[in-house]
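File shown here: start07.cif, holding mmCIF, C-alpha atoms, pLDDT in the B column; chains and numbers go by the auth columns.
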```cif
data_final
#
loop_
_atom_site.group_PDB
_atom_site.id
_atom_site.type_symbol
_atom_site.label_atom_id
_atom_site.label_comp_id
_atom_site.label_asym_id
_atom_site.label_seq_id
_atom_site.Cartn_x
_atom_site.Cartn_y
_atom_site.Cartn_z
_atom_site.B_iso_or_equiv
_atom_site.auth_seq_id
_atom_site.auth_asym_id
ATOM 1 C CA MET A 1 63.843 -116.265 72.408 67.00 1 C
ATOM 2 C CA GLY A 2 62.914 -112.667 73.166 73.00 2 C
ATOM 3 C CA THR A 3 62.520 -111.046 76.524 85.00 3 C
ATOM 4 C CA LYS A 4 59.175 -111.268 78.258 88.00 4 C
ATOM 5 C CA LYS A 5 56.968 -108.198 77.874 91.00 5 C
ATOM 6 C CA ILE A 6 56.262 -106.378 81.143 91.00 6 C
ATOM 7 C CA PRO A 7 52.696 -105.001 81.363 94.00 7 C
ATOM 8 C CA MET A 8 52.673 -101.269 82.133 96.00 8 C
ATOM 9 C CA ARG A 9 49.856 -99.345 83.824 96.00 9 C
ATOM 10 C CA MET A 10 49.346 -95.660 84.631 96.00 10 C
ATOM 11 C CA CYS A 11 49.118 -94.522 88.241 95.00 11 C
ATOM 12 C CA THR A 12 46.010 -92.387 88.752 94.00 12 C
ATOM 13 C CA GLY A 13 47.869 -90.247 91.314 93.00 13 C
ATOM 14 C CA CYS A 14 51.134 -89.285 89.585 94.00 14 C
ATOM 15 C CA ARG A 15 50.042 -90.205 86.018 95.00 15 C
ATOM 16 C CA GLU A 16 53.298 -92.129 85.387 96.00 16 C
ATOM 17 C CA MET A 17 53.502 -95.432 83.534 97.00 17 C
ATOM 18 C CA LYS A 18 54.977 -98.129 85.770 96.00 18 C
ATOM 19 C CA PRO A 19 55.191 -101.926 85.752 95.00 19 C
ATOM 20 C CA LYS A 20 51.871 -103.434 86.831 92.00 20 C
ATOM 21 C CA LYS A 21 53.477 -105.394 89.705 90.00 21 C
ATOM 22 C CA GLU A 22 54.690 -102.166 91.358 90.00 22 C
ATOM 23 C CA LEU A 23 51.166 -100.726 91.570 91.00 23 C
ATOM 24 C CA ILE A 24 48.080 -101.451 93.673 88.00 24 C
ATOM 25 C CA ARG A 25 44.884 -102.169 91.770 91.00 25 C
ATOM 26 C CA VAL A 26 41.620 -100.602 92.893 91.00 26 C
ATOM 27 C CA VAL A 27 38.543 -102.369 91.482 93.00 27 C
ATOM 28 C CA LYS A 28 34.923 -101.437 90.877 93.00 28 C
ATOM 29 C CA THR A 29 33.027 -104.738 90.980 92.00 29 C
ATOM 30 C CA SER A 30 29.911 -105.490 88.957 92.00 30 C
ATOM 31 C CA GLU A 31 27.876 -104.738 92.115 93.00 31 C
ATOM 32 C CA GLY A 32 29.374 -101.232 92.202 90.00 32 C
ATOM 33 C CA GLU A 33 31.662 -101.841 95.199 90.00 33 C
ATOM 34 C CA ILE A 34 35.122 -100.258 95.310 89.00 34 C
ATOM 35 C CA LYS A 35 37.860 -102.540 96.718 87.00 35 C
ATOM 36 C CA LEU A 36 41.632 -102.862 96.827 85.00 36 C
ATOM 37 C CA ASP A 37 42.732 -105.836 94.763 87.00 37 C
ATOM 38 C CA THR A 38 46.035 -107.104 96.130 81.00 38 C
ATOM 39 C CA THR A 39 45.994 -110.182 93.867 85.00 39 C
ATOM 40 C CA GLY A 40 45.280 -108.250 90.664 84.00 40 C
ATOM 41 C CA LYS A 41 42.727 -110.878 89.647 89.00 41 C
ATOM 42 C CA LEU A 42 39.339 -109.609 90.884 92.00 42 C
ATOM 43 C CA ASN A 43 36.673 -109.164 88.220 94.00 43 C
ATOM 44 C CA GLY A 44 35.704 -105.603 87.428 94.00 44 C
ATOM 45 C CA ARG A 45 37.045 -102.303 86.207 94.00 45 C
ATOM 46 C CA GLY A 46 40.505 -101.537 87.540 94.00 46 C
ATOM 47 C CA ALA A 47 42.505 -98.401 88.259 94.00 47 C
ATOM 48 C CA TYR A 48 46.049 -98.340 89.596 93.00 48 C
ATOM 49 C CA ILE A 49 47.832 -96.364 92.314 91.00 49 C
ATOM 50 C CA CYS A 50 51.497 -96.385 93.393 90.00 50 C
ATOM 51 C CA ARG A 51 52.297 -97.804 96.823 86.00 51 C
ATOM 52 C CA ASP A 52 52.863 -94.215 97.938 86.00 52 C
ATOM 53 C CA ARG A 53 50.711 -92.078 100.220 87.00 53 C
ATOM 54 C CA GLN A 54 51.365 -88.982 98.070 90.00 54 C
ATOM 55 C CA CYS A 55 49.973 -90.677 94.945 90.00 55 C
ATOM 56 C CA PHE A 56 46.879 -91.767 96.883 89.00 56 C
ATOM 57 C CA ASN A 57 46.356 -88.207 98.133 91.00 57 C
ATOM 58 C CA ASN A 58 46.794 -86.823 94.597 92.00 58 C
ATOM 59 C CA ALA A 59 44.255 -89.308 93.223 91.00 59 C
ATOM 60 C CA LYS A 60 41.797 -88.389 95.983 91.00 60 C
ATOM 61 C CA LYS A 61 42.303 -84.644 95.543 93.00 61 C
ATOM 62 C CA SER A 62 41.859 -84.728 91.751 93.00 62 C
ATOM 63 C CA ASN A 63 38.921 -87.197 91.876 93.00 63 C
ATOM 64 C CA ALA A 64 40.916 -89.491 89.574 93.00 64 C
ATOM 65 C CA LEU A 65 39.250 -92.655 90.901 91.00 65 C
ATOM 66 C CA ALA A 66 35.781 -91.131 90.496 93.00 66 C
ATOM 67 C CA ARG A 67 36.600 -90.368 86.842 94.00 67 C
ATOM 68 C CA ALA A 68 38.111 -93.809 86.240 93.00 68 C
ATOM 69 C CA PHE A 69 35.046 -95.577 87.643 93.00 69 C
ATOM 70 C CA GLU A 70 32.499 -93.028 86.361 93.00 70 C
ATOM 71 C CA MET A 71 30.818 -92.750 89.769 91.00 71 C
ATOM 72 C CA GLN A 72 31.058 -90.683 92.930 90.00 72 C
ATOM 73 C CA ILE A 73 33.280 -92.192 95.609 88.00 73 C
ATOM 74 C CA SER A 74 32.343 -91.460 99.210 85.00 74 C
ATOM 75 C CA ASP A 75 34.806 -90.387 101.901 87.00 75 C
ATOM 76 C CA GLU A 76 33.997 -93.645 103.692 85.00 76 C
ATOM 77 C CA ILE A 77 35.429 -95.639 100.777 84.00 77 C
ATOM 78 C CA TYR A 78 38.546 -93.422 100.634 87.00 78 C
ATOM 79 C CA THR A 79 39.072 -93.991 104.372 88.00 79 C
ATOM 80 C CA GLN A 80 38.689 -97.745 103.901 85.00 80 C
ATOM 81 C CA LEU A 81 41.171 -97.730 100.993 83.00 81 C
ATOM 82 C CA GLU A 82 43.595 -95.639 103.030 86.00 82 C
ATOM 83 C CA THR A 83 43.595 -98.104 105.949 86.00 83 C
ATOM 84 C CA GLU A 84 44.055 -101.032 103.559 80.00 84 C
ATOM 85 C CA LEU A 85 46.910 -99.176 101.892 80.00 85 C
ATOM 86 C CA GLU A 86 48.607 -98.662 105.278 82.00 86 C
ATOM 87 C CA ASN A 87 48.360 -102.428 105.957 80.00 87 C
ATOM 88 C CA ILE A 88 50.086 -103.193 102.646 72.00 88 C
ATOM 89 C CA GLU A 89 52.948 -100.714 103.163 64.00 89 C
#
```
Let me see the file written as structure tokens.
Amino acid sequence: MGTKKIPMRMCTGCREMKPKKELIRVVKTSEGEIKLDTTGKLNGRGAYICRDRQCFNNAKKSNALARAFEMQISDEIYTQLETELENIE
């Protein structure tokens, strides 16, 4: 038997490939809502961020989430994601 393959995803903040379980998934639902997906199972387009404030700030500064989701992301949504991120840490 071989070893189990670990799924890797790229952090939108630092652009490093890391194991999926170490990252937080941000989802754009079919209704166009942006949410944090702590379970990793919500339907929709996903982007990943490290559990690190610096990576979140880099993603916000470079508009990485806006590019990943192909839509403008309001400051209100960034604030909401930031508070959710603080609750997880």
Exercise. Given the file above and the PyMOL selection byres ((chain C and resi 45) around 12), which residues are selected, and can you give them as a VMD selection string?
Worked result: chain C and resid 25 to 37 40 to 44 46 to 48 65 67 to 71
Problem set entry | For CA of Ser62 in chain C and CA of Gly13 in chain C, the interatomic separation in Å (one decimal) |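 Calculated distance between CA of Ser62 in chain C and CA of Gly13 in chain C is 8.2 Å.
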Exercise. Lys18 in chain C: which residues within 8 Å, counting only C-alpha atoms, same-chain residues fewer than 3 positions away excluded, as an MDAnalysis selection string?
Worked result: chainID C and resid 8:11 22:23
Now that the selection is made, can you save its residues with C-alpha atoms as a PDB file, keeping the file's coordinate frame?
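Final output, saved to out.pdb:
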```
ATOM      1  CA  MET C   8      52.673-101.269  82.133  1.00 96.00           C
ATOM      2  CA  ARG C   9      49.856 -99.345  83.824  1.00 96.00           C
ATOM      3  CA  MET C  10      49.346 -95.660  84.631  1.00 96.00           C
ATOM      4  CA  CYS C  11      49.118 -94.522  88.241  1.00 95.00           C
ATOM      5  CA  GLU C  22      54.690-102.166  91.358  1.00 90.00           C
ATOM      6  CA  LEU C  23      51.166-100.726  91.570  1.00 91.00           C
TER       7      LEU C  23
END
```
Problem set entry | Glu82 in chain C environment, 10 Å, all atoms listed in the file, sequence neighbours closer than 6 positions dropped, as a ChimeraX atom specification | /C:36,53,56-57,76,88
For this session: Translate the PyMOL selection byres ((chain C and resi 14) around 9), as applied to the file shown, into an explicit residue set as a ChimeraX atom specification.
Result: /C:10-13,15-17,49-50,54-56,58-59
Exercise. From the list C:Thr39, C:Pro19, C:Lys5, C:Ile24, which residue is nearest Glu86 in chain C when using all atoms listed in the file?
Worked result: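 Result for the nearest residue to Glu86 in chain C: C:Ile24.
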All file atoms of range 3-13 of chain C boxed axis-aligned, 8 Å per side, centre plus edges, as AutoDock Vina command-line options:
```
--center_x 54.3 --center_y -100.8 --center_z 83.9 --size_x 32.5 --size_y 37.0 --size_z 30.8
```
